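Undergrad: I'd like to ask some things about the structure below.
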Amino acid sequence: MLPPKNFVNQDPWLKPYASAIESRLKYISSRTRQLLDNKSIDEFALGHLYYGLHKTESGWIFREWAPNATKVYLVGDFNGWQDNESFRLKSRPGGIFELEITHEKIVHQQKYKLHIY
């Protein structure tokens, strides 16, 4: 949590360093917004409801945030742990990778992991 904006005025020992403190606070604030993708901390904390593997009425949807990845594959005991184009996640804006698959391709309790390039 950032200190109140007027805390430098409350402590005379900090006044000579006011501009340095203010610039650091601005940097922390902008970096926090960037890391949270302009979401509130509450919205960011609920990311597990969007990312990961989720069952839908039409099948499964898998999302992963991998901003520096060039390609991502979902591998597991359902495909011999091998990269397969039918299990390659599509790149979306903002570093998000997404894959929609039918119920028949994987079933509950199968093991999986990601190959990230």
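Order determines the names: the first chain of the structure tokens is A, the second B, and so forth; residues in each chain are numbered 1 upward, and ligands are numbered 1 upward as they are shown.
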Just asking: which residues within range 2-73 of chain A are helix (DSSP H, G or I) according to DSSP, as a PyMOL selection string?

TA: chain A and resi 7-10+12-35+41-45+47-49

Undergrad: Within 12 Å of range 52-61 of chain A, counting only C-alpha atoms, which residues qualify if same-chain residues fewer than 5 places away don't, as number ranges by chain?

TA: A: 46-47, 74, 87, 89-90, 96-114

Undergrad: Would you mind reading off the distance between CA of Ile41 in chain A and CA of Gly94 in chain A, one decimal, in Å?

TA: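 Between CA of Ile41 in chain A and CA of Gly94 in chain A the gap is 17.8 Å.
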
Undergrad: Using DSSP assignments from the backbone, pull out every residue in range 12-105 of chain A that falls under strand (DSSP E) and give it to me as a list of chain:residue names.

TA: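 Output for range 12-105 of chain A, strand (DSSP E) only: A:Gly52, A:Leu53, A:His54, A:Lys55, A:Trp60, A:Ile61, A:Phe62, A:Arg63, A:Glu64, A:Trp65, A:Val72, A:Tyr73, A:Leu74, A:Val75, A:Gly76, A:Lys90, A:Ser91, A:Arg92, A:Ile96, A:Phe97, A:Glu98, A:Leu99, A:Glu100, A:Ile101.
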
Undergrad: Just the number, please: distance in Å from CA of Arg24 in chain A to CA of Phe7 in chain A, one decimal.

TA: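 Computing the Euclidean distance for CA of Arg24 in chain A and CA of Phe7 in chain A yields 13.9 Å.
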
Undergrad: Range 29-37 of chain A: which residues within 12 Å, counting only C-alpha atoms, same-chain residues fewer than 5 positions away excluded, as a list of chain:residue names?

TA: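 My reading of the contact set: A:Met1, A:Leu2, A:Pro3, A:Glu22, A:Ser23, A:Arg24, A:Asp42, A:Glu43, A:Phe44, A:Ala45, A:Leu46, A:Gly47, A:Trp65, A:Pro67, A:Gly94, A:Gly95.
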